[in-house]
Amino acid sequence: MNKRGIFLGATAVMLSTAAVASFSDRSQTQAFFRESPKELVDEVWQIIDRQYVDGTFNKVNWQAVRKEYLSRSYANREDAYKAVRQMLEKLKDPYTRFMDPEEFKNMQVDTSGELTGIGIQIAQDEKTKQLTVIAPIEDTPAFSAGILAKDTIVKIDGKSTKGMDVNQAVSLIRGQPGTEVQITILRNGQQKDFRIKRARIEIHPVRYSYQNSPTGGIGYIRLNQFSANAATEMRDAIKNLEKKQVSGYILDLRNNPGGLLLSSIEIAQMWLEDGVIVSTKNRQGKQDIERSNHHPLTNKPLVVLVNDGSASASEILSGALQDNKRAVLVGEKTFGKGLVQSVRSLGDGSGLAVTIAKYFTPNGRDINKSGIAPNVVVSLTDKEKQALFLQNRDKVGTPSDPQYAKALDILKKQIAAKGNSATR
């Protein structure tokens with residue numbers, strides 16, 4: 001499995017280099033598909049037939065679907081696109097989706113960690129089919145405006161999102177930097193409007209600091225996204241804090257919506273001496289197991305902060321650390337997204353995201369929809385979250401932050417216990 005082409009976030013799209021044709025080849029292929037849109041329909045069918053995670057295809061006769069859609073006549077590409085979307089709806093999987101060339105272009109996130117928009121990751125709720133915010137990305141317009149994880153998006157610029165898929169929503173939300181979009185969300189039964197200015201967003205996934213403590217220095221690391229540069233920045237943070245001889249760490253994954261599978265594996269290896277990190281299982285039951293490389297950067301006590309905005313790659317990392325008893329998890333139950341997608345570039349420049357596997361924690365937990373429960377629950381109300389992460393952001397990661405304060409208390413006890421053990 002080419003993990004560089006595998007992603008876990010709902011709207012983040014990373015292209016596998018193996019899936020991208022050369023310019024000349026693509027030009028010829030695109031010309032072919034313009035003349036034969038039916039071939040595009042069959043290409044999508046073939047990919048689903050080979051890779052889709054559910055071998056029953058949601059109890060649909062997939063061979064009959066092919067016969068039905070290839071028996072039709074398609075006057076142009078738009079007819080083919082409509083047919084492809086109808087075909088994929090039969091799978092009832094919000095994460096397996098088709099993107100026309102413009103949608104595909106808009107959905108791509110540059111591996112340098114820069115994007116244009118308002119800074120949210122969204123998905124279609126598997127039960128309600130409503131567009132749901134996984135989490136706003138920290139230090140983005142959506143984050144600053146007050147959008148929260150689990151918010152339901154009911155309108156975009158006054159247009160109802162009922163029946164709208166993720167691609168359509170993303171096309172409406174994204175736009176030129178400096179322009180505005182109005183997002184209407186439903187939270188706790190009440191609608192609220194947010195007018196948000198779009199921006200070009202450069203994401204720095206890691207922030208860290210050395211914090212004094214009576215039991216020795218504490219290393220505080222906040223990871224807000226598993227982008228391509230997250231592992232490098234995490235490695236630098238740990239190495240710098242180790243030079244300062246910290247006694248333990250608090251890793252903050254709150255409101256981290258996920259990202260690249262490879263990034264989550266690399267970061268887990270920095271903390272784990274031994275053990276399984278994650279396993280993925282495709283529809284044939286073939287299991288791909290990722291393990292520690294036995295070269296952690298530190299073995300010092302660790303507490304991890306999570307909440308309902310910690311999703312996908314965040315759940316892989318926190319699940320690995322929890323199951324291997326490497327860390328204590330503090331906070332709230334995580335989002336619950338345990339599916340892996342692969343993104344394919346199609347012949348005419350459109351794209352297809354396909355759910356190809358489920359992932360499981362080292363103890364075999366399937367966290368999809370159910371999330372990961374922390375060892376120690378410290379819940380915050382929506383009002384408290386807004387007060388902490390928006391109005392009083394300077395208090396995040398300080399004793400004035402209730403979840404951090406509990407994590408710090410637990411970490412101090414771990415450090416003290418380790419010190420006592422060492423002197424015996």
# chains A, B, ... in the order shown; residues from 1 in each chain; ligands from 1
>>> residues_around(residues="range 324-340 of chain A", least_positions_apart="6", cutoff="8 Å", atoms="only C-alpha atoms", output="PyMOL selection string")
chain A and resi 6-8+134+271-272+275-276+301-312+315+318+355-360+362+366-379+403+406-407
>>> write_last_selection(atoms="N, CA and C atoms", output="compact mmCIF listing (two decimals), in the first residue's frame")
# COMPACT_ATOMS: atom_id res chain seq x y z
N ILE A 6 -2.53 7.71 0.56
CA ILE A 6 -3.66 7.33 1.39
C ILE A 6 -3.95 8.43 2.38
N PHE A 7 -5.23 8.79 2.51
CA PHE A 7 -5.56 9.84 3.46
C PHE A 7 -6.71 9.42 4.35
N LEU A 8 -6.85 10.12 5.47
CA LEU A 8 -7.84 9.77 6.46
C LEU A 8 -8.80 10.89 6.78
N ILE A 134 -16.04 18.09 10.86
CA ILE A 134 -15.18 17.23 11.67
C ILE A 134 -14.43 18.10 12.67
N TRP A 271 7.15 7.78 19.61
CA TRP A 271 6.80 7.62 21.02
C TRP A 271 6.84 6.17 21.49
N LEU A 272 6.75 5.22 20.56
CA LEU A 272 6.62 3.81 20.93
C LEU A 272 7.92 3.03 20.79
N GLY A 275 5.58 -2.55 19.69
CA GLY A 275 4.15 -2.77 19.57
C GLY A 275 3.57 -2.37 18.22
N VAL A 276 2.34 -2.82 17.99
CA VAL A 276 1.59 -2.49 16.79
C VAL A 276 1.09 -1.06 16.90
N PRO A 301 7.29 9.80 30.52
CA PRO A 301 5.83 9.74 30.71
C PRO A 301 5.10 10.67 29.75
N LEU A 302 3.92 10.21 29.31
CA LEU A 302 3.17 10.93 28.29
C LEU A 302 1.68 10.90 28.60
N VAL A 303 1.03 12.05 28.49
CA VAL A 303 -0.43 12.17 28.59
C VAL A 303 -0.91 12.84 27.31
N VAL A 304 -2.01 12.32 26.74
CA VAL A 304 -2.53 12.83 25.47
C VAL A 304 -3.91 13.44 25.69
N LEU A 305 -4.12 14.64 25.14
CA LEU A 305 -5.41 15.32 25.22
C LEU A 305 -6.19 15.09 23.93
N VAL A 306 -7.46 14.65 24.06
CA VAL A 306 -8.32 14.42 22.90
C VAL A 306 -9.71 15.00 23.18
N ASN A 307 -10.47 15.25 22.09
CA ASN A 307 -11.87 15.63 22.24
C ASN A 307 -12.65 15.19 21.02
N ASP A 308 -13.89 15.66 20.87
CA ASP A 308 -14.73 15.19 19.77
C ASP A 308 -14.30 15.72 18.42
N GLY A 309 -13.32 16.61 18.39
CA GLY A 309 -12.75 17.08 17.14
C GLY A 309 -11.48 16.35 16.75
N SER A 310 -11.08 15.36 17.56
CA SER A 310 -9.89 14.53 17.25
C SER A 310 -10.36 13.37 16.38
N ALA A 311 -9.94 13.36 15.12
CA ALA A 311 -10.50 12.38 14.17
C ALA A 311 -9.42 11.68 13.36
N SER A 312 -9.79 10.54 12.81
CA SER A 312 -9.01 9.74 11.86
C SER A 312 -7.56 9.54 12.30
N GLU A 315 -7.01 9.60 15.85
CA GLU A 315 -7.50 8.40 16.54
C GLU A 315 -6.55 7.22 16.37
N SER A 318 -3.70 8.23 18.97
CA SER A 318 -4.14 8.09 20.37
C SER A 318 -4.50 6.65 20.69
N THR A 355 -13.22 4.33 -0.57
CA THR A 355 -12.93 3.70 0.71
C THR A 355 -12.40 2.31 0.44
N ILE A 356 -11.14 2.07 0.82
CA ILE A 356 -10.49 0.81 0.46
C ILE A 356 -10.25 -0.11 1.66
N ALA A 357 -10.36 0.44 2.88
CA ALA A 357 -10.05 -0.39 4.05
C ALA A 357 -10.63 0.22 5.31
N LYS A 358 -10.71 -0.61 6.34
CA LYS A 358 -11.00 -0.14 7.69
C LYS A 358 -9.70 -0.20 8.48
N TYR A 359 -9.57 0.67 9.46
CA TYR A 359 -8.39 0.54 10.31
C TYR A 359 -8.81 0.20 11.74
N PHE A 360 -7.89 -0.47 12.43
CA PHE A 360 -8.15 -0.96 13.77
C PHE A 360 -6.98 -0.59 14.69
N PRO A 362 -4.34 -1.26 17.92
CA PRO A 362 -3.57 -2.47 18.22
C PRO A 362 -4.37 -3.59 18.90
N ASP A 366 -12.46 -1.34 16.36
CA ASP A 366 -12.95 -0.63 15.19
C ASP A 366 -13.61 0.63 15.70
N ILE A 367 -12.97 1.77 15.52
CA ILE A 367 -13.47 3.00 16.13
C ILE A 367 -14.44 3.76 15.22
N ASN A 368 -14.70 3.24 14.01
CA ASN A 368 -15.58 3.97 13.11
C ASN A 368 -16.96 4.18 13.73
N LYS A 369 -17.38 5.40 13.81
CA LYS A 369 -18.65 5.85 14.37
C LYS A 369 -18.65 5.88 15.90
N SER A 370 -17.87 5.01 16.55
CA SER A 370 -17.91 4.94 18.02
C SER A 370 -16.84 5.79 18.70
N GLY A 371 -15.72 6.05 18.01
CA GLY A 371 -14.67 6.87 18.60
C GLY A 371 -13.86 6.13 19.65
N ILE A 372 -12.90 6.83 20.25
CA ILE A 372 -12.05 6.29 21.31
C ILE A 372 -12.36 7.02 22.61
N ALA A 373 -12.68 6.26 23.64
CA ALA A 373 -12.98 6.85 24.94
C ALA A 373 -11.68 7.11 25.69
N PRO A 374 -11.52 8.30 26.27
CA PRO A 374 -10.30 8.59 27.03
C PRO A 374 -10.26 7.79 28.33
N ASN A 375 -9.07 7.63 28.89
CA ASN A 375 -8.95 6.96 30.19
C ASN A 375 -9.57 7.80 31.29
N VAL A 376 -9.42 9.11 31.17
CA VAL A 376 -9.96 10.05 32.16
C VAL A 376 -10.82 11.08 31.41
N VAL A 377 -12.11 11.10 31.72
CA VAL A 377 -13.04 12.01 31.04
C VAL A 377 -13.06 13.37 31.72
N VAL A 378 -12.80 14.40 30.93
CA VAL A 378 -12.97 15.79 31.37
C VAL A 378 -13.74 16.49 30.27
N SER A 379 -15.03 16.70 30.47
CA SER A 379 -15.89 17.25 29.42
C SER A 379 -15.99 18.77 29.53
N GLN A 403 -8.92 20.71 30.90
CA GLN A 403 -8.44 19.41 30.42
C GLN A 403 -6.92 19.30 30.55
N LYS A 406 -5.96 18.72 34.27
CA LYS A 406 -6.08 17.32 34.68
C LYS A 406 -4.94 16.49 34.12
N ALA A 407 -4.59 16.74 32.87
CA ALA A 407 -3.47 16.01 32.26
C ALA A 407 -2.18 16.29 33.01
>>> residues_around(residues="Ser263 in chain A", least_positions_apart="5", cutoff="8 Å", atoms="only C-alpha atoms", output="ChimeraX atom specification")
/A:226-228,230-231
>>> select_by_dssp(residues="range 265-326 of chain A", states="alpha helix (DSSP H)", output="ChimeraX atom specification")
/A:265-271,313-323
>>> closest_residue(among="A:Gly351, A:Lys244, A:Arg235, A:Thr280", to="Leu297 in chain A", atoms="only C-alpha atoms")
A:Arg235
>>> residues_around(residues="Tyr220 in chain A", least_positions_apart="5", cutoff="12 Å", atoms="only C-alpha atoms", output="number ranges by chain")
A: 206-213, 234, 237-238, 240-242, 246-253, 302-305, 396-398, 404, 407-408, 411
>>> residues_around(residues="Leu186 in chain A", least_positions_apart="5", cutoff="7 Å", atoms="only C-alpha atoms", output="PyMOL selection string")
chain A and resi 151-154+191-192
>>> write_last_selection(atoms="C-alpha atoms", output="tab-separated table (two decimals), in the first residue's frame")
chain	number	residue	atom	x	y	z
A	151	ASP	CA	-21.59	21.52	13.86
A	152	THR	CA	-24.13	20.70	11.13
A	153	ILE	CA	-23.93	22.92	8.05
A	154	VAL	CA	-27.50	23.65	6.94
A	191	GLN	CA	-29.25	27.89	13.88
A	192	LYS	CA	-26.45	30.40	13.77
>>> residues_around(residues="Ser73 in chain A", least_positions_apart="2", cutoff="12 Å", atoms="only C-alpha atoms", output="list in words")
Ser36, Pro37, Lys38, Glu39, Val41, Glu68, Tyr69, Leu70, Ser71, Ala75, Asn76, Arg77, Asp79, Ala80 and Ala83 of chain A
>>> atom_distance(atom1="CA of Lys418 in chain A", atom2="CA of Ala268 in chain A")
22.0 Å
>>> select_by_dssp(residues="range 237-332 of chain A", states="strand (DSSP E)", output="PyMOL selection string")
chain A and resi 248-252+276-281+287-291+302-306+328-331
>>> residues_around(residues="range 98-101 of chain A", least_positions_apart="5", cutoff="10 Å", atoms="only C-alpha atoms", output="count of residues only")
24
>>> closest_atom_pairs(of="range 143-190 of chain A", to="range 115-123 of chain A", cutoff="8 Å", atoms="only C-alpha atoms", output="Markdown table")
| residue | atom | partner | partner_atom | distance |
| --- | --- | --- | --- | --- |
| A:Phe143 | CA | A:Gly119 | CA | 7.2 |
| A:Val166 | CA | A:Ala123 | CA | 6.3 |
| A:Ile173 | CA | A:Gly117 | CA | 7.1 |
| A:Arg174 | CA | A:Gly117 | CA | 4.9 |
| A:Gly175 | CA | A:Gly117 | CA | 6.3 |
| A:Gln176 | CA | A:Thr116 | CA | 7.6 |
| A:Pro177 | CA | A:Thr116 | CA | 6.9 |
>>> atom_distance(atom1="CA of Asp49 in chain A", atom2="CA of Gln287 in chain A")
19.0 Å
>>> atom_distance(atom1="CA of Ile183 in chain A", atom2="CA of Ile156 in chain A")
4.9 Å
>>> closest_residue(among="A:Pro141, A:Leu321, A:Ala313, A:Asp125", to="Asn299 in chain A", atoms="only C-alpha atoms")
A:Leu321
